[in-house]
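Please read the structure below before turning to the comments.
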Amino acid sequence: MKSRTKVVVIGGGIAGCSTLYHLTQEGWTDVVLVERNELTSGTTWHSAAQVTNFGMNQTMVGLKTHSINLYKELSEDPEYPINYHHGDGGIRLANTEAQMQGYRHFASMARGMDVHFEVIDAEECARRHPLISTDNLVGGLWDPLDGDIDPAQLCQALARRARNAGAEVYRNTPVVALTQHKDDTWTVHTENGDIDCDIVVNACGYRVNEVGAMMDVHHPVMSMEHQYFLTEPIQQIIDAGHRMPLIRCPISDYYCRQEKNGLLVGFYEQGCKTWGMDGIDPNFVNALCPDDLERVMDVLEGAFARMPALQEVGIHTVVNGPITYTIDGAPLVGPIPGKRNAFCIIGLRAGLGEGGGHGWLLAQQIVHGEACYDTWCLDPRRFAGHANVELCAQYAIQDYQNEFRFHFPNEHRPAGRPAKTTPLTPVLETENAEFTVVNGWERAEYFKPSAEFHTTPTFMFDEAHEVVAEEVRSVQGNVGLCEVNGFNRFEITGADRHSFLDRMFCGTVTKKANRIGLGYLLNHHGMVKCEATLANLPASDRGPDRVWYGSAAASEVHDMDWLTQHIRAGEDVQIKSLTNDQTILVLAGPKARDVLSAVSRGDWSAEAFPWLSVRECFVGIAPATVMGVSFSGELAYEIHVPNASLYAAYKALRKAGEAYGLRLFGARAVESMRMEKGFLHWKADLITEYDPFETGLDRFVKMEKPEFVGRKALKQRLSDGPRKKLVTLKIDTRKAAARGGASLMDEDRVVGTITSGDWGYRTGLNLAYAFVETGFSQIGRRMMLDLCGEMVGAEVIAPSPYDPTHKRMRS
Ligand SMILES: Cc1cc2nc3c(=O)[nH]c(=O)nc-3n(C[C@H](O)[C@H](O)[C@H](O)COP(=O)(O)OP(=O)(O)OC[C@H]3O[C@@H](n4cnc5c(N)ncnc54)[C@H](O)[C@@H]3O)c2cc1C
């Protein structure tokens with residue numbers, strides 16, 4: 001066994017084997033995998049191992065395509081062929097029009113990744129799968145590349161290729177401890193000796209938190225028991241003369257694929273069971289949980305009704321094994337929060353299908369610092385400190401019970417709520433707030449006209465469309481008040497804070513006291529990494545000279561990692577998070593100044609407190625920090641208040657607002673108004689796949705600066721010219737907003753992808769942002785949008801269609 005290597009991957013299931021193989025593909029061959037037992041002795045050996053191309057966003061579709069292509073290539077390797085039923089095809093069933101609408105959206109999104117799904121009717125489903133009945137069936141989504149693979153052979157093939165490239169695999173080598181050294185390198189202690197390395201990777205499946213504990217990390221991952229059975233041969237399958245397509249059923253929660261001449265049917269029962277929450281038997285190796293078919297009776301009936309042949313055939317094997325879940329159902333693939341040189345590839349619930357792609361994206365992150373796709377949807381840092389095991393269990397149960405039921409836009413499921421609240425949450429509840437969840441925080445989306453008001457899940461505009469219109473009207477005409485909780489806020493102090501920030505941001509960083517600036521941080525490839533507002537607060541009784549760094553609600557751990565990694569030895573910079581201590585009340589509208597002046601002493605005139613100013617003050621009796629910034633495009637103030645004083649500030653503003661017709665507004669109104677202003681959202685419009693020039697942020701980049709993170713790479717990119725451009729579009733329909741991921745077409749060719757879309761109530765425009773080919777980025781250029789299967793016109797318009805010269809917010 002080596003005593004030193006570059007990377008140690010811990011765990012020899014699909015996650016670890018794929019990571020090891022892809023590290024060698026990225027050029028790192030001095031790498032090692034250690035496995036406590038034999039390869040695939042965790043969950044992988046008994047997986048149903050279906051391999052689909054279907055995903056909820058383009059990153060997921062792209063990584064699954066990588067798996068499929070890789071598995072196909074491996075299966076055709078003459079030296080070590082493996083069993084892969086590639087392209088049996090698969091159907092996701094639907095029994096409502098709303099589900100069909102969703103499938104049409106996912107087909108539009110996949111098209112941008114060169115993946116071609118078909119939405120078919122019930123008769124066509126039955127034609128393609130002769131065993132199913134069409135009772136209570138509207139249709140389904142056809143994935144032509146669906147199939148299944150032999151999981152053990154797949155892992156052996158990956159390990160073999162990695163070994164051939166120079167990697168080493170140590171079986172029967174349990175990791176028992178991890179030590180991180182001052183220089184951020186590691187020693188991996190195993191029962192067979194120690195290995196020093198630069199980087200460790202946790203790929204330990206359901207034992208993720210045993211290894212997590214060795215580095216004082218608790219990952220929000222837990223396991224559910226999951227069962228399938230295998231049937232005796234079925235005559236209709238033998239007679240069909242072709243393999244049966246796979247079935248996934250959101251109506252009765254099961255999946256089904258052909259296994260030999262019978263079927264493998266797996267269930268997601270409502271009375272499901274968590275597993276291993278109080279520790280896992282060390283001898284649970286190559287093992288299964290006890291069968292319990294009683295538990296799946298509710299869903300079994302649905303499967304029997306859809307496939308009557310199941311009623312006639314015997315069951316010869318039942319498999320019940322642990323499967324891992326995370327808080328939002330997607331795996332955690334990337335840097336471990338708060339750690340250096342430590343990565344994970346965990347929480348895989350469809351790891352056989354996805355594992356090839358996850359290992360590929362992780363290896364790229366380890367070797368190059370970033371992957372070819374934006375991996376935020378997989379980033380282990382996307383949850384903050386609230387992501388504990390109990391919360392994770394509640395989400396896991398809900399996700400398991402809804403395995404094949406995708407989320408509709410604006411759909412809020414009840415599990416794990418309320419996780420994070422402010423003193424205002426119950427107050428807004430009495431005002432009929434409809435809440436959404438942002439990084440665990442309950443945030444008001446809009447205020448219902450009555451307690452009974454509810455919306456129907458749909459990809460079209462829903463019943464709240466008019467309610468949001470009213471909120472926007474009151475902000476535009478008078479004044480509105482909105483709570484923005486969980487907004488990320490760091491306090492940066494130290495003598496070198498300005499020079500440090502100047503190096504981190506690609507544009508001008510204002511050093512002037514009481515002034516605010518917006519800026520962007522790039523990664524080392526010159527791509528857009530973070531967006532933040534910097535506010536310079538002079539020394540006061542509330543603290544020393546300091547900068548407040550404000551960024552998107554979910555960015556806390558991500559941005560903290562990025563900033564702290566770049567503080568140089570000897571640099572006097574300290575960063576403290578205030579995210580959980582302070583909440584923002586946004587006061588917006590032409591009468592915002594009147595309301596603020598009524599509750600806060602001082603001169604709030606445009607001359608004394610112009611746009612982009614910051615000032616410490618009191619709102620009523622509540623200490624507050626007021627910023628003259630606006631996401632709505634109206635005159636607006638962000639009032640930052642310590643949570644202990646939040647209710648006091650709110651009451652004072654509500655009371656003063658009575659004279660000015662103040663109304664509450666929520667996140668949906670904000671979303672609409674920011675679209676009309678050309679303001680962008682982190683991780684929707686601002687992603688690591690594009691540089692700031694492609695994203696239209698030219699005015700925020702100062703190439704003349706001698707140094708900033710990403711400058712060298714950006715300079716190189718400049719000479720290559722942009723690949724795509726972010727544009728504002730006007731969509732020719734009043735029925736629905738364009739959804740992120742939807743494809744823009746020129747004839748049959750995809751020329752762009754939507755990043756966000758919403759109705760602009762003040763402009764009367766259906767607006768969207770999209771990255772489009774440069775030839776399609778000129779104002780007036782027309783193309784078609786595949787909006788849930790319907791082709792509608794889309795035209796490039798100038799950014800910021802509402803008050804383009806920003807007079808209102810500067811007034
Ligand atoms: C019944 C069932 C059906 C499924 N069907 C499908 C399907 O159809 N399609 C699909 O894509 N997915 C399916 N899955 C999910 C899929 O099998 C898993 O996502 C995948 O196998 C997880 O792989 P992994 O490598 O993350 O974990 P594992 O396979 O559990 O591998 C982790 C490895 O880490 C090792 N390890 C743990 N601790 C240590 C230590 N201290 N030192 C060294 N090594 C250690 C373990 O021994 C183990 O080998 C199914 C799962 C179940 C249970």
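Identifiers in the structure tokens: chain A, B, ... in order shown; residue index from 1 per chain; ligand index from 1 in order shown.
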All residues 12 Å or closer to region 513-518 of chain A, only C-alpha atoms, same chain fewer than 2 positions away omitted, as a PDB file with N, CA and C atoms, in the first residue's frame:
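That gives us part-v5.pdb:
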ATOM      1  N   HIS A 498     -10.190  46.527   2.291  1.00  0.00           N
ATOM      2  CA  HIS A 498     -10.462  47.098   0.972  1.00  0.00           C
ATOM      3  C   HIS A 498      -9.553  46.482  -0.102  1.00  0.00           C
ATOM      4  N   LEU A 501     -10.775  43.004  -0.840  1.00  0.00           N
ATOM      5  CA  LEU A 501     -11.993  42.988  -1.663  1.00  0.00           C
ATOM      6  C   LEU A 501     -11.686  43.450  -3.089  1.00  0.00           C
ATOM      7  N   ASP A 502     -10.779  44.379  -3.209  1.00  0.00           N
ATOM      8  CA  ASP A 502     -10.395  44.854  -4.535  1.00  0.00           C
ATOM      9  C   ASP A 502      -9.820  43.701  -5.357  1.00  0.00           C
ATOM     10  N   PHE A 505     -12.959  41.228  -6.260  1.00  0.00           N
ATOM     11  CA  PHE A 505     -13.994  41.714  -7.193  1.00  0.00           C
ATOM     12  C   PHE A 505     -13.357  42.100  -8.516  1.00  0.00           C
ATOM     13  N   CYS A 506     -14.082  41.872  -9.616  1.00  0.00           N
ATOM     14  CA  CYS A 506     -13.497  42.169 -10.929  1.00  0.00           C
ATOM     15  C   CYS A 506     -13.715  43.631 -11.341  1.00  0.00           C
ATOM     16  N   GLY A 507     -14.454  44.388 -10.536  1.00  0.00           N
ATOM     17  CA  GLY A 507     -14.708  45.784 -10.901  1.00  0.00           C
ATOM     18  C   GLY A 507     -14.230  46.743  -9.834  1.00  0.00           C
ATOM     19  N   THR A 508     -14.739  47.958  -9.921  1.00  0.00           N
ATOM     20  CA  THR A 508     -14.355  48.983  -8.958  1.00  0.00           C
ATOM     21  C   THR A 508     -14.966  48.675  -7.598  1.00  0.00           C
ATOM     22  N   VAL A 509     -14.165  48.801  -6.573  1.00  0.00           N
ATOM     23  CA  VAL A 509     -14.662  48.608  -5.210  1.00  0.00           C
ATOM     24  C   VAL A 509     -14.578  49.950  -4.500  1.00  0.00           C
ATOM     25  N   THR A 510     -15.735  50.479  -4.145  1.00  0.00           N
ATOM     26  CA  THR A 510     -15.706  51.803  -3.509  1.00  0.00           C
ATOM     27  C   THR A 510     -15.201  51.703  -2.068  1.00  0.00           C
ATOM     28  N   LYS A 511     -14.342  52.664  -1.732  1.00  0.00           N
ATOM     29  CA  LYS A 511     -13.799  52.676  -0.357  1.00  0.00           C
ATOM     30  C   LYS A 511     -14.446  53.794   0.449  1.00  0.00           C
ATOM     31  N   TYR A 520     -19.016  41.880  -8.776  1.00  0.00           N
ATOM     32  CA  TYR A 520     -19.001  40.450  -9.114  1.00  0.00           C
ATOM     33  C   TYR A 520     -17.633  39.855  -8.815  1.00  0.00           C
ATOM     34  N   LEU A 521     -17.648  38.601  -8.394  1.00  0.00           N
ATOM     35  CA  LEU A 521     -16.423  37.863  -8.138  1.00  0.00           C
ATOM     36  C   LEU A 521     -16.341  36.761  -9.179  1.00  0.00           C
ATOM     37  N   CYS A 530     -19.662  34.824  -7.860  1.00  0.00           N
ATOM     38  CA  CYS A 530     -20.549  35.375  -6.830  1.00  0.00           C
ATOM     39  C   CYS A 530     -20.962  36.790  -7.244  1.00  0.00           C
ATOM     40  N   GLU A 531     -22.058  37.229  -6.658  1.00  0.00           N
ATOM     41  CA  GLU A 531     -22.505  38.619  -6.815  1.00  0.00           C
ATOM     42  C   GLU A 531     -22.695  39.172  -5.404  1.00  0.00           C
ATOM     43  N   ALA A 532     -22.238  40.383  -5.156  1.00  0.00           N
ATOM     44  CA  ALA A 532     -22.395  40.915  -3.796  1.00  0.00           C
ATOM     45  C   ALA A 532     -22.497  42.430  -3.801  1.00  0.00           C
ATOM     46  N   THR A 533     -23.200  42.927  -2.789  1.00  0.00           N
ATOM     47  CA  THR A 533     -23.263  44.362  -2.529  1.00  0.00           C
ATOM     48  C   THR A 533     -22.298  44.666  -1.395  1.00  0.00           C
ATOM     49  N   LEU A 534     -21.503  45.706  -1.548  1.00  0.00           N
ATOM     50  CA  LEU A 534     -20.589  46.099  -0.479  1.00  0.00           C
ATOM     51  C   LEU A 534     -21.037  47.446   0.073  1.00  0.00           C
ATOM     52  N   ALA A 535     -21.192  47.523   1.375  1.00  0.00           N
ATOM     53  CA  ALA A 535     -21.594  48.787   2.003  1.00  0.00           C
ATOM     54  C   ALA A 535     -20.532  49.150   3.040  1.00  0.00           C
ATOM     55  N   ASN A 536     -19.986  50.354   2.936  1.00  0.00           N
ATOM     56  CA  ASN A 536     -18.919  50.791   3.852  1.00  0.00           C
ATOM     57  C   ASN A 536     -19.505  51.525   5.047  1.00  0.00           C
ATOM     58  N   LEU A 537     -19.361  50.925   6.211  1.00  0.00           N
ATOM     59  CA  LEU A 537     -19.890  51.535   7.426  1.00  0.00           C
ATOM     60  C   LEU A 537     -18.738  52.079   8.258  1.00  0.00           C
ATOM     61  N   PRO A 538     -18.756  53.378   8.551  1.00  0.00           N
ATOM     62  CA  PRO A 538     -17.684  53.925   9.379  1.00  0.00           C
ATOM     63  C   PRO A 538     -17.839  53.496  10.835  1.00  0.00           C
ATOM     64  N   ALA A 539     -16.768  53.627  11.586  1.00  0.00           N
ATOM     65  CA  ALA A 539     -16.799  53.221  12.997  1.00  0.00           C
ATOM     66  C   ALA A 539     -17.917  53.957  13.736  1.00  0.00           C
ATOM     67  N   SER A 540     -18.573  53.261  14.628  1.00  0.00           N
ATOM     68  CA  SER A 540     -19.659  53.855  15.420  1.00  0.00           C
ATOM     69  C   SER A 540     -19.773  53.055  16.708  1.00  0.00           C
ATOM     70  N   ASP A 545     -14.722  50.436  11.827  1.00  0.00           N
ATOM     71  CA  ASP A 545     -14.834  50.578  10.373  1.00  0.00           C
ATOM     72  C   ASP A 545     -15.059  49.199   9.769  1.00  0.00           C
ATOM     73  N   ARG A 546     -16.060  49.078   8.938  1.00  0.00           N
ATOM     74  CA  ARG A 546     -16.362  47.732   8.433  1.00  0.00           C
ATOM     75  C   ARG A 546     -17.082  47.789   7.099  1.00  0.00           C
ATOM     76  N   VAL A 547     -17.055  46.658   6.429  1.00  0.00           N
ATOM     77  CA  VAL A 547     -17.780  46.529   5.164  1.00  0.00           C
ATOM     78  C   VAL A 547     -18.848  45.461   5.368  1.00  0.00           C
ATOM     79  N   TRP A 548     -20.047  45.750   4.929  1.00  0.00           N
ATOM     80  CA  TRP A 548     -21.078  44.708   4.914  1.00  0.00           C
ATOM     81  C   TRP A 548     -21.151  44.144   3.497  1.00  0.00           C
ATOM     82  N   TYR A 549     -20.986  42.845   3.438  1.00  0.00           N
ATOM     83  CA  TYR A 549     -21.002  42.122   2.166  1.00  0.00           C
ATOM     84  C   TYR A 549     -22.342  41.397   2.112  1.00  0.00           C
ATOM     85  N   GLY A 550     -23.195  41.762   1.176  1.00  0.00           N
ATOM     86  CA  GLY A 550     -24.524  41.136   1.097  1.00  0.00           C
ATOM     87  C   GLY A 550     -24.657  40.327  -0.184  1.00  0.00           C
ATOM     88  N   SER A 551     -25.142  39.100  -0.049  1.00  0.00           N
ATOM     89  CA  SER A 551     -25.321  38.276  -1.269  1.00  0.00           C
ATOM     90  C   SER A 551     -26.515  37.349  -1.081  1.00  0.00           C
ATOM     91  N   ALA A 608     -29.401  64.533   0.839  1.00  0.00           N
ATOM     92  CA  ALA A 608     -28.684  64.106   2.045  1.00  0.00           C
ATOM     93  C   ALA A 608     -28.409  62.604   2.039  1.00  0.00           C
ATOM     94  N   PHE A 609     -29.286  61.853   1.380  1.00  0.00           N
ATOM     95  CA  PHE A 609     -29.142  60.391   1.378  1.00  0.00           C
ATOM     96  C   PHE A 609     -29.438  59.887  -0.043  1.00  0.00           C
ATOM     97  N   PRO A 610     -28.488  60.139  -0.967  1.00  0.00           N
ATOM     98  CA  PRO A 610     -28.755  59.727  -2.344  1.00  0.00           C
ATOM     99  C   PRO A 610     -28.716  58.206  -2.508  1.00  0.00           C
ATOM    100  N   TRP A 611     -29.199  57.771  -3.652  1.00  0.00           N
ATOM    101  CA  TRP A 611     -29.152  56.362  -4.047  1.00  0.00           C
ATOM    102  C   TRP A 611     -27.752  55.798  -3.769  1.00  0.00           C
ATOM    103  N   LEU A 612     -27.648  54.580  -3.345  1.00  0.00           N
ATOM    104  CA  LEU A 612     -26.387  53.895  -3.023  1.00  0.00           C
ATOM    105  C   LEU A 612     -25.676  54.477  -1.788  1.00  0.00           C
ATOM    106  N   SER A 613     -26.499  54.999  -0.841  1.00  0.00           N
ATOM    107  CA  SER A 613     -25.934  55.442   0.434  1.00  0.00           C
ATOM    108  C   SER A 613     -26.288  54.415   1.506  1.00  0.00           C
ATOM    109  N   VAL A 614     -25.521  54.440   2.586  1.00  0.00           N
ATOM    110  CA  VAL A 614     -25.852  53.608   3.745  1.00  0.00           C
ATOM    111  C   VAL A 614     -25.703  54.458   5.005  1.00  0.00           C
ATOM    112  N   ARG A 615     -26.595  54.222   5.960  1.00  0.00           N
ATOM    113  CA  ARG A 615     -26.564  55.033   7.183  1.00  0.00           C
ATOM    114  C   ARG A 615     -27.097  54.192   8.353  1.00  0.00           C
ATOM    115  N   GLU A 616     -26.450  54.336   9.488  1.00  0.00           N
ATOM    116  CA  GLU A 616     -26.976  53.703  10.707  1.00  0.00           C
ATOM    117  C   GLU A 616     -27.951  54.669  11.358  1.00  0.00           C
ATOM    118  N   THR A 625     -29.856  49.681   9.981  1.00  0.00           N
ATOM    119  CA  THR A 625     -28.881  50.147   9.000  1.00  0.00           C
ATOM    120  C   THR A 625     -29.642  50.261   7.693  1.00  0.00           C
ATOM    121  N   VAL A 626     -29.760  51.475   7.182  1.00  0.00           N
ATOM    122  CA  VAL A 626     -30.596  51.692   5.999  1.00  0.00           C
ATOM    123  C   VAL A 626     -29.710  51.854   4.774  1.00  0.00           C
ATOM    124  N   MET A 627     -30.078  51.121   3.707  1.00  0.00           N
ATOM    125  CA  MET A 627     -29.333  51.222   2.453  1.00  0.00           C
ATOM    126  C   MET A 627     -30.267  51.737   1.361  1.00  0.00           C
ATOM    127  N   GLY A 628     -29.769  52.670   0.578  1.00  0.00           N
ATOM    128  CA  GLY A 628     -30.549  53.216  -0.532  1.00  0.00           C
ATOM    129  C   GLY A 628     -30.308  52.392  -1.788  1.00  0.00           C
ATOM    130  N   VAL A 629     -30.900  51.218  -1.827  1.00  0.00           N
ATOM    131  CA  VAL A 629     -30.776  50.336  -2.993  1.00  0.00           C
ATOM    132  C   VAL A 629     -32.166  49.823  -3.357  1.00  0.00           C
ATOM    133  N   SER A 630     -32.304  49.385  -4.601  1.00  0.00           N
ATOM    134  CA  SER A 630     -33.635  48.981  -5.044  1.00  0.00           C
ATOM    135  C   SER A 630     -33.544  47.812  -6.008  1.00  0.00           C
ATOM    136  N   PHE A 631     -34.299  46.763  -5.722  1.00  0.00           N
ATOM    137  CA  PHE A 631     -34.382  45.598  -6.623  1.00  0.00           C
ATOM    138  C   PHE A 631     -35.678  45.692  -7.431  1.00  0.00           C
ATOM    139  N   GLU A 638     -33.512  49.450   1.815  1.00  0.00           N
ATOM    140  CA  GLU A 638     -33.343  48.180   2.533  1.00  0.00           C
ATOM    141  C   GLU A 638     -33.050  48.537   3.966  1.00  0.00           C
ATOM    142  N   PHE A 679     -32.427  43.159 -13.554  1.00  0.00           N
ATOM    143  CA  PHE A 679     -31.562  42.670 -12.477  1.00  0.00           C
ATOM    144  C   PHE A 679     -31.506  41.144 -12.521  1.00  0.00           C
ATOM    145  N   LEU A 680     -30.336  40.610 -12.177  1.00  0.00           N
ATOM    146  CA  LEU A 680     -30.104  39.172 -12.370  1.00  0.00           C
ATOM    147  C   LEU A 680     -30.116  38.421 -11.036  1.00  0.00           C
ATOM    148  N   LEU A 697     -22.321  41.899 -18.092  1.00  0.00           N
ATOM    149  CA  LEU A 697     -21.898  42.672 -16.917  1.00  0.00           C
ATOM    150  C   LEU A 697     -20.693  43.554 -17.236  1.00  0.00           C
ATOM    151  N   ARG A 699     -20.082  46.580 -17.574  1.00  0.00           N
ATOM    152  CA  ARG A 699     -19.796  47.780 -16.787  1.00  0.00           C
ATOM    153  C   ARG A 699     -19.289  47.462 -15.381  1.00  0.00           C
ATOM    154  N   PHE A 700     -19.367  46.206 -15.004  1.00  0.00           N
ATOM    155  CA  PHE A 700     -18.869  45.828 -13.682  1.00  0.00           C
ATOM    156  C   PHE A 700     -17.466  45.220 -13.738  1.00  0.00           C
ATOM    157  N   VAL A 701     -16.846  45.235 -14.913  1.00  0.00           N
ATOM    158  CA  VAL A 701     -15.505  44.654 -15.045  1.00  0.00           C
ATOM    159  C   VAL A 701     -14.521  45.773 -15.352  1.00  0.00           C
TER     160      VAL A 701
END
message: Taking only C-alpha atoms and all ligand atoms into account, list the residues no farther than 7 Å from ligand 1, as a PyMOL selection string.
response: chain A and resi 10-16+34-51+173-176+203-208+210-211+225-228+285+319-324+345-354
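CA of Gln565 (chain A) to CA of Gly212 (chain A) spans 21.1 Å [interatomic distance, one decimal].
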message: Please identify the strand (DSSP E) residues within region 504-741 of chain A (assignment by DSSP from backbone atoms) and present them as a ChimeraX atom specification.
response: /A:516-522,528-537,546-551,574-577,582-588,614-619,622-627,636-642,663-664,724-731
message: Nearest residue to Leu332 (chain A) out of A:Met703, A:Ala309, A:Leu362, A:Val709, using only C-alpha atoms?
response: A:Leu362
statement: Ala606 (chain A) proximity check over A:Ser811, A:Thr753, A:Thr728, A:Thr733, using only C-alpha atoms: winner is A:Ser811
message: At a cut-off of 12 Å, using only C-alpha atoms, what residues contact Arg163 (chain A)? Leave out same-chain residues fewer than 2 positions from it and give the result as a PyMOL selection string.
response: chain A and resi 17+20-25+28-33+156-161+165-170
N, CA, C and O atoms of the current selection, written as a CSV table (one decimal), in the first residue's frame:
chain,number,residue,atom,x,y,z
A,17,CYS,N,-15.8,4.5,-7.4
A,17,CYS,CA,-15.2,4.0,-8.6
A,17,CYS,C,-15.2,5.0,-9.7
A,17,CYS,O,-14.3,5.2,-10.5
A,20,LEU,N,-12.7,7.8,-9.0
A,20,LEU,CA,-11.3,7.4,-9.2
A,20,LEU,C,-11.0,7.3,-10.7
A,20,LEU,O,-10.0,7.9,-11.2
A,21,TYR,N,-11.9,6.7,-11.5
A,21,TYR,CA,-11.7,6.6,-12.9
A,21,TYR,C,-11.6,8.0,-13.6
A,21,TYR,O,-10.7,8.3,-14.4
A,22,HIS,N,-12.5,8.9,-13.2
A,22,HIS,CA,-12.5,10.2,-13.8
A,22,HIS,C,-11.3,11.1,-13.4
A,22,HIS,O,-10.9,11.9,-14.2
A,23,LEU,N,-10.8,10.8,-12.2
A,23,LEU,CA,-9.6,11.6,-11.8
A,23,LEU,C,-8.5,11.2,-12.8
A,23,LEU,O,-7.7,12.0,-13.2
A,24,THR,N,-8.4,9.9,-13.1
A,24,THR,CA,-7.3,9.5,-14.0
A,24,THR,C,-7.6,10.1,-15.4
A,24,THR,O,-6.7,10.5,-16.1
A,25,GLN,N,-8.9,10.2,-15.8
A,25,GLN,CA,-9.2,10.8,-17.1
A,25,GLN,C,-8.8,12.3,-17.1
A,25,GLN,O,-8.5,12.8,-18.2
A,28,TRP,N,-4.9,13.0,-13.4
A,28,TRP,CA,-4.3,12.7,-12.1
A,28,TRP,C,-4.3,11.1,-11.9
A,28,TRP,O,-5.4,10.5,-11.7
A,29,THR,N,-3.2,10.6,-12.0
A,29,THR,CA,-3.1,9.1,-11.9
A,29,THR,C,-2.5,8.6,-10.6
A,29,THR,O,-2.6,7.4,-10.3
A,30,ASP,N,-1.9,9.5,-9.8
A,30,ASP,CA,-1.4,9.1,-8.5
A,30,ASP,C,-2.5,9.2,-7.5
A,30,ASP,O,-2.6,10.1,-6.6
A,31,VAL,N,-3.5,8.3,-7.7
A,31,VAL,CA,-4.7,8.4,-6.8
A,31,VAL,C,-5.1,7.0,-6.4
A,31,VAL,O,-4.7,6.0,-7.0
A,32,VAL,N,-5.8,7.0,-5.2
A,32,VAL,CA,-6.0,5.7,-4.6
A,32,VAL,C,-7.5,5.6,-4.1
A,32,VAL,O,-8.1,6.6,-3.8
A,33,LEU,N,-8.0,4.4,-4.2
A,33,LEU,CA,-9.4,4.2,-3.6
A,33,LEU,C,-9.2,3.1,-2.5
A,33,LEU,O,-8.6,2.1,-2.7
A,156,GLN,N,-16.5,-2.7,-11.5
A,156,GLN,CA,-15.2,-3.4,-11.8
A,156,GLN,C,-14.6,-2.8,-13.1
A,156,GLN,O,-13.4,-2.6,-13.1
A,157,ALA,N,-15.4,-2.4,-14.1
A,157,ALA,CA,-14.9,-1.9,-15.3
A,157,ALA,C,-14.3,-0.5,-15.1
A,157,ALA,O,-13.2,-0.2,-15.6
A,158,LEU,N,-14.9,0.3,-14.2
A,158,LEU,CA,-14.3,1.6,-13.9
A,158,LEU,C,-13.0,1.5,-13.2
A,158,LEU,O,-12.0,2.1,-13.4
A,159,ALA,N,-13.0,0.6,-12.2
A,159,ALA,CA,-11.8,0.4,-11.3
A,159,ALA,C,-10.7,-0.2,-12.2
A,159,ALA,O,-9.5,0.2,-12.1
A,160,ARG,N,-11.1,-1.1,-13.1
A,160,ARG,CA,-10.1,-1.7,-14.0
A,160,ARG,C,-9.4,-0.6,-14.9
A,160,ARG,O,-8.2,-0.5,-15.0
A,161,ARG,N,-10.2,0.2,-15.4
A,161,ARG,CA,-9.7,1.3,-16.3
A,161,ARG,C,-8.8,2.3,-15.5
A,161,ARG,O,-7.8,2.7,-15.9
A,165,ALA,N,-4.7,3.0,-15.7
A,165,ALA,CA,-4.1,4.3,-15.9
A,165,ALA,C,-3.2,4.7,-14.8
A,165,ALA,O,-2.5,5.8,-14.8
A,166,GLY,N,-3.1,3.9,-13.8
A,166,GLY,CA,-2.1,4.1,-12.7
A,166,GLY,C,-2.6,4.2,-11.3
A,166,GLY,O,-1.9,4.3,-10.3
A,167,ALA,N,-4.0,4.3,-11.2
A,167,ALA,CA,-4.6,4.4,-9.9
A,167,ALA,C,-4.5,3.0,-9.1
A,167,ALA,O,-4.3,2.0,-9.8
A,168,GLU,N,-4.6,3.1,-7.8
A,168,GLU,CA,-4.6,1.9,-7.0
A,168,GLU,C,-5.9,1.7,-6.2
A,168,GLU,O,-6.4,2.7,-5.8
A,169,VAL,N,-6.3,0.4,-6.0
A,169,VAL,CA,-7.5,0.2,-5.3
A,169,VAL,C,-7.1,-0.8,-4.1
A,169,VAL,O,-6.5,-1.8,-4.4
A,170,TYR,N,-7.4,-0.4,-2.9
A,170,TYR,CA,-7.1,-1.2,-1.7
A,170,TYR,C,-8.4,-1.7,-1.1
A,170,TYR,O,-9.2,-0.9,-0.6
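Closest approach to Gly385 (chain A) from the set A:Met784, A:Val595, A:Ala303, A:Ala554 is made by A:Ala554, with distances taken over only C-alpha atoms.
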message: Please extract the residues of region 143-195 of chain A with a backbone DSSP assignment of alpha helix (DSSP H) and present them as a ChimeraX atom specification.
response: /A:151-165
task: Enter the distance from CA of Lys182 (chain A) to CA of Val200 (chain A), in Å, rounded to one decimal.
output: 15.1 Å
message: I'd like the contact shell of Gly740 (chain A) - 9 Å cut-off, only C-alpha atoms, skipping same-chain residues fewer than 3 positions apart - returned as an NGL selection string.
response: :A and (57 or 109 or 684 or 743 or 753-757 or 768-770)
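Our summary of the geometry notes that CA of Val484 (chain A) is positioned 28.7 Å from CA of Gln58 (chain A).
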message: So that I can see what lies close to Trp759 (chain A), please list as JSON, numbers by chain the residues with an atom at most 6 Å from it, counting only C-alpha atoms and leaving out residues fewer than 5 positions away in the same chain.
response: {"A": [672, 766, 767]}
